[in-house]
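S.K.: Before anything else, here's the structure in question.
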There are 2 protein chains.
Amino acid sequence: MSSSSTPRARPDDKARRASKSSRSSGARSRPTSDSIANGAESGRPSRDRRADENNRAERKSRTRRALLDAALDRLDSDSFGSMSLREVTKQAGIVPTAFYRHFRDMDELGLALVEESIGALHDLLVAARAGVTDRTHAIHPSLEILRGYVRDRPTHFRFLVRERAGGSATLRHAIGREIKLFATELAVDLARERATWPTSDIQRLADLIVTMIVATIEALVDATDDTAESQVIAAAADQMTLVLLGATVWQPERRHRP
Amino acid sequence: MSSSSTPRARPDDKARRASKSSRSSGARSRPTSDSIANGAESGRPSRDRRADENNRAERKSRTRRALLDAALDRLDSDSFGSMSLREVTKQAGIVPTAFYRHFRDMDELGLALVEESIGALHDLLVAARAGVTDRTHAIHPSLEILRGYVRDRPTHFRFLVRERAGGSATLRHAIGREIKLFATELAVDLARERATWPTSDIQRLADLIVTMIVATIEALVDATDDTAESQVIAAAADQMTLVLLGATVWQPERRHRP
DNA sequence: GATTTCAGTGAACATATGTGCACTATGAAG
DNA sequence: CTTCATAGTGCACATATGTTCACTGAAATC
C-alpha cells in the first residue's frame, strides 16, 4: 500500500451521470435476432410476432448458449482455465456483468460444459451399442460412429480431452467421474458376453477400452483432414481387435503373471 | 503485503549441495538425478572457500532451478497455462523482472520443463528395458520401475500428463512429438521379437502400449496412497498382459476384420 | 393501463499482470 | 587495484481482470 500515488486521475466524476445521453451510445449490441440456426421455419415472418421467439426464457437460454459456445470456441486458443470471464462475454456479445445472470463464475460454466460434453459421449455409447451383439465384428462400425460424433461436436470433444487431465481440479474430477461411469456402463455390457469372468477383470477390460476410446478421440480431435482421420480409425480398429483377441484367450481363473 | 523496503526472505545463503555436473557448457543439462530441497550434510567449514559454490554460473543455474521448481510446485493448484510469471517468481524468491535473466517468457520455461520431464520419461524407458528379454514376464517389474519413477519425480510426471492434452499448442506439440518418439523407440524394441510383423502393426502395438503407459502415469499421479498405487499397477499389469496375449495370437498377414 | 420482474448496460474500483528502466552489489577479468 | 559484466532489485505504468452497483427497457403479470 506504499504507493500513495492517488492513481488514475480521478476527478469527482460522480456527478457526471446525466451528461451522457444513452441514446447516442452505440447500437452495436443486440446479437439477439440471429446467431444460431433458427429451427422453426414456419412462414409468417412479418406480422406475426412469434411470442415463442421473443419469449423471455427463450431469449435467456439463447444468451446462455452463446456463452457456452463462446467458451467452446475460445478453447483452441486458450485452455479453459486461462480463459477470462471478460473474453467469453465479449465473444458472446454481452457485457461482462451480464455473465452473472447465467453462471455464478467460470467454474460453473465449465461444469455446464462438462455436462453437455458428457451427454455427447453418452449418446455415443448408446448409438454404438444399438444393434450390436457381436463385438468382435462391430469394431469398425462403432469407430465410424465415433468419428461421426467427434466430427459433429468437435468443440465438445476437444473440451473433454483438453480438460480431462489439464483443467482445474473441479473440472478434472467432474470429467473423471463421468468417464468412470461410462466405463462401468460399458462393463455391464461386456459382462453379458463373458459370464464366467470375475467382475474385476471385466472392469479392467472396460477401463482399457475406455482408455483407448479416449486416446482415439484425442487423435481425432487433432486430426486435420479426412486422411488423417481415417488413419486414426484404422489404427484404433487394429488395436481394438488385438485387445478383443487377447480377451478371447484370457483365462480369468488363473493369473497370467507367474 | 509487498514489503517494499525489507528484502524478503533470502533463501540463497544456505550453502547447498556441491554441484556435480553443471560444468558441461551450455546445451542440455540432465538434471534427472537430484530433486530439490535436499543437501543436508554440507556443513562445510568456512575455511575452504570453494569458488565452485559462489560461482556465478552456479548461482544462476540455482535460481533457474528455483524457477522451474516453483512452476512445478504451483502446478497442482493452477494449470501451467494460467500460471502467472509473477506467481512463479514470487515462489522462487526473486523479483518478477529477474525472471527475464533466465527465460524470455513463460512459454520458454514450459519448454524447459518439457525437456526435463521427457528426460525422466526416457530414463524410465531405458531403465525398464535394461535386462529385459522376455516381455511377457517382465510386465510387473517394469511397472514397478514405472511406479518408482513417478514417485521420485511426481511433479515432472504431473506436468507431463496435465500439459500433454491441456496445455498451450506449443507445449502440446512439444510433448506430443517427444511421446511419439518414445513410441517409435519402443517399436524398435518390439520389432526385435516380432520379425515377421509389418512395421505398421509393430508401430500400432507400440502406440497402444504407450497409450496405456500414459494412462497408468495419469492414474499414478492421482493416486493418493500406496494402496491406490498398487491397485493401479495391478490393473495395468492385467491390461498389459491381455494386450501382449493378444499380440501372440495376432496374425499380421491376414486382416482381422472381415 | 399500471406494476413487477429481470436480462442486459455502463461506470467504477481494487487488484493483478507483463514488462521497461535505472539502479545496486558482487564475481570475473584486466 | 580498477574496470567490466550481470543477477537481482525497486519503481513505474499501461493494461486486463473479477465484481459492485445503480440503471434501463421491455416482457410478464396484474
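In the C-alpha cells, chains take letters A, B, ... by order of appearance, with residues numbered from 1 within each chain and ligands from 1 in the order shown.
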Return as CSV the residues of chain A lying at most 9 Å from chain D, together with the closest atom-to-atom pair for each and the distance in Å to one decimal, counting only C-alpha atoms (C1' of nucleotides), with rows in chain order and ascending residue number.

M.R.:
```
residue,atom,partner,partner_atom,distance
A:Asn54,CA,D:DA27,C1',8.4
A:Asn55,CA,D:DA27,C1',7.7
A:Arg56,CA,D:DA27,C1',6.5
A:Ser84,CA,D:DT17,C1',7.5
A:Leu85,CA,D:DG18,C1',7.9
A:Arg86,CA,D:DT17,C1',7.5
A:Thr97,CA,D:DT19,C1',8.0
```

S.K.: Got a sec to pull out which chain A residues are within 8 Å of chain B, counting only C-alpha atoms, and send them as an MDAnalysis selection string?

M.R.: chainID A and resid 1:2 77:79 81:82 137 161:169 204:205 208 211:212 215 218 235 238:239 241:247 249:250 256:258

S.K.: Which polymer residues have any atom within 7 Å of an atom of Ser117 (chain A), counting only C-alpha atoms (C1' of nucleotides), with same-chain residues fewer than 4 positions away left out, as a PDB file with N, CA and C atoms, in the first residue's frame?

M.R.:
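That gives us out11.pdb:
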```pdb
ATOM      1  N   LEU A 113     -20.426 -27.177 -19.291  1.00  0.00           N
ATOM      2  CA  LEU A 113     -19.814 -27.744 -20.489  1.00  0.00           C
ATOM      3  C   LEU A 113     -19.487 -29.223 -20.300  1.00  0.00           C
ATOM      4  N   LEU A 121     -20.915 -37.794 -25.185  1.00  0.00           N
ATOM      5  CA  LEU A 121     -20.205 -39.062 -25.056  1.00  0.00           C
ATOM      6  C   LEU A 121     -21.172 -40.205 -24.770  1.00  0.00           C
ATOM      7  N   HIS A 156     -16.991 -29.832 -28.358  1.00  0.00           N
ATOM      8  CA  HIS A 156     -17.289 -30.520 -27.105  1.00  0.00           C
ATOM      9  C   HIS A 156     -16.239 -31.582 -26.788  1.00  0.00           C
ATOM     10  N   PHE A 157     -15.892 -32.332 -27.807  1.00  0.00           N
ATOM     11  CA  PHE A 157     -14.911 -33.385 -27.540  1.00  0.00           C
ATOM     12  C   PHE A 157     -13.529 -32.802 -27.282  1.00  0.00           C
ATOM     13  N   LEU A 160     -13.494 -31.877 -23.749  1.00  0.00           N
ATOM     14  CA  LEU A 160     -13.324 -33.053 -22.895  1.00  0.00           C
ATOM     15  C   LEU A 160     -11.870 -33.496 -22.797  1.00  0.00           C
TER      16      LEU A 160
END
```

S.K.: Using only C-alpha atoms (C1' of nucleotides), which residue out of A:Val95, A:Val88, A:Leu190, A:Ala223 lies closest to chain C?

M.R.: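 Using only C-alpha atoms (C1' of nucleotides), the shortest distance to chain C belongs to A:Val95.
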
S.K.: Would you write out, as a tab-separated table, a table of all residues in chain C that have an atom no more than 12 Å from an atom of chain A, listing for each the closest atom pair and the distance in Å to one decimal, considering only C-alpha atoms (C1' of nucleotides) and ordering rows by chain and rising residue number?

M.R.:
```
residue	atom	partner	partner_atom	distance
C:DT5	C1'	A:Arg56	CA	10.6
C:DC6	C1'	A:Arg101	CA	9.0
C:DA7	C1'	A:Lys60	CA	7.0
C:DG8	C1'	A:Ala98	CA	5.8
C:DT9	C1'	A:Val95	CA	7.1
C:DG10	C1'	A:Val95	CA	8.8
C:DA11	C1'	A:Arg17	CA	8.7
C:DA12	C1'	A:Lys14	CA	9.4
C:DC13	C1'	A:Arg8	CA	10.8
C:DA14	C1'	A:Pro7	CA	11.3
C:DT15	C1'	A:Met1	CA	11.5
```

S.K.: Using DSSP on the backbone coordinates, identify the residues of region 84-156 of chain A assigned to alpha helix (DSSP H); present them as a ChimeraX atom specification.

M.R.: /A:85-92,106-129,139-152,154-156

S.K.: Considering only C-alpha atoms (C1' of nucleotides), return as a PyMOL selection string whatever protein or nucleic-acid residues lie within 10 Å of Ile118 (chain A), sequence-local ones (same chain, fewer than 6 positions apart) excluded.

M.R.: chain A and resi 112+124+156-157+160+174-175+178-179+182

S.K.: To one decimal in Å, tell me the separation between CA of Thr89 (chain B) and CA of Met106 (chain B).

M.R.: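 According to the coordinates, CA of Thr89 (chain B) and CA of Met106 (chain B) are separated by 10.8 Å.
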
S.K.: Could you please determine the separation between CA of Ala183 (chain A) and CA of Leu146 (chain A) in Å, to one decimal place?

M.R.: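 Separation of CA of Ala183 (chain A) and CA of Leu146 (chain A): 15.7 Å.
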
S.K.: CA of Ile202 (chain A) and CA of Ala187 (chain A), how far apart in Å?

M.R.: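 The value is 5.9 Å.
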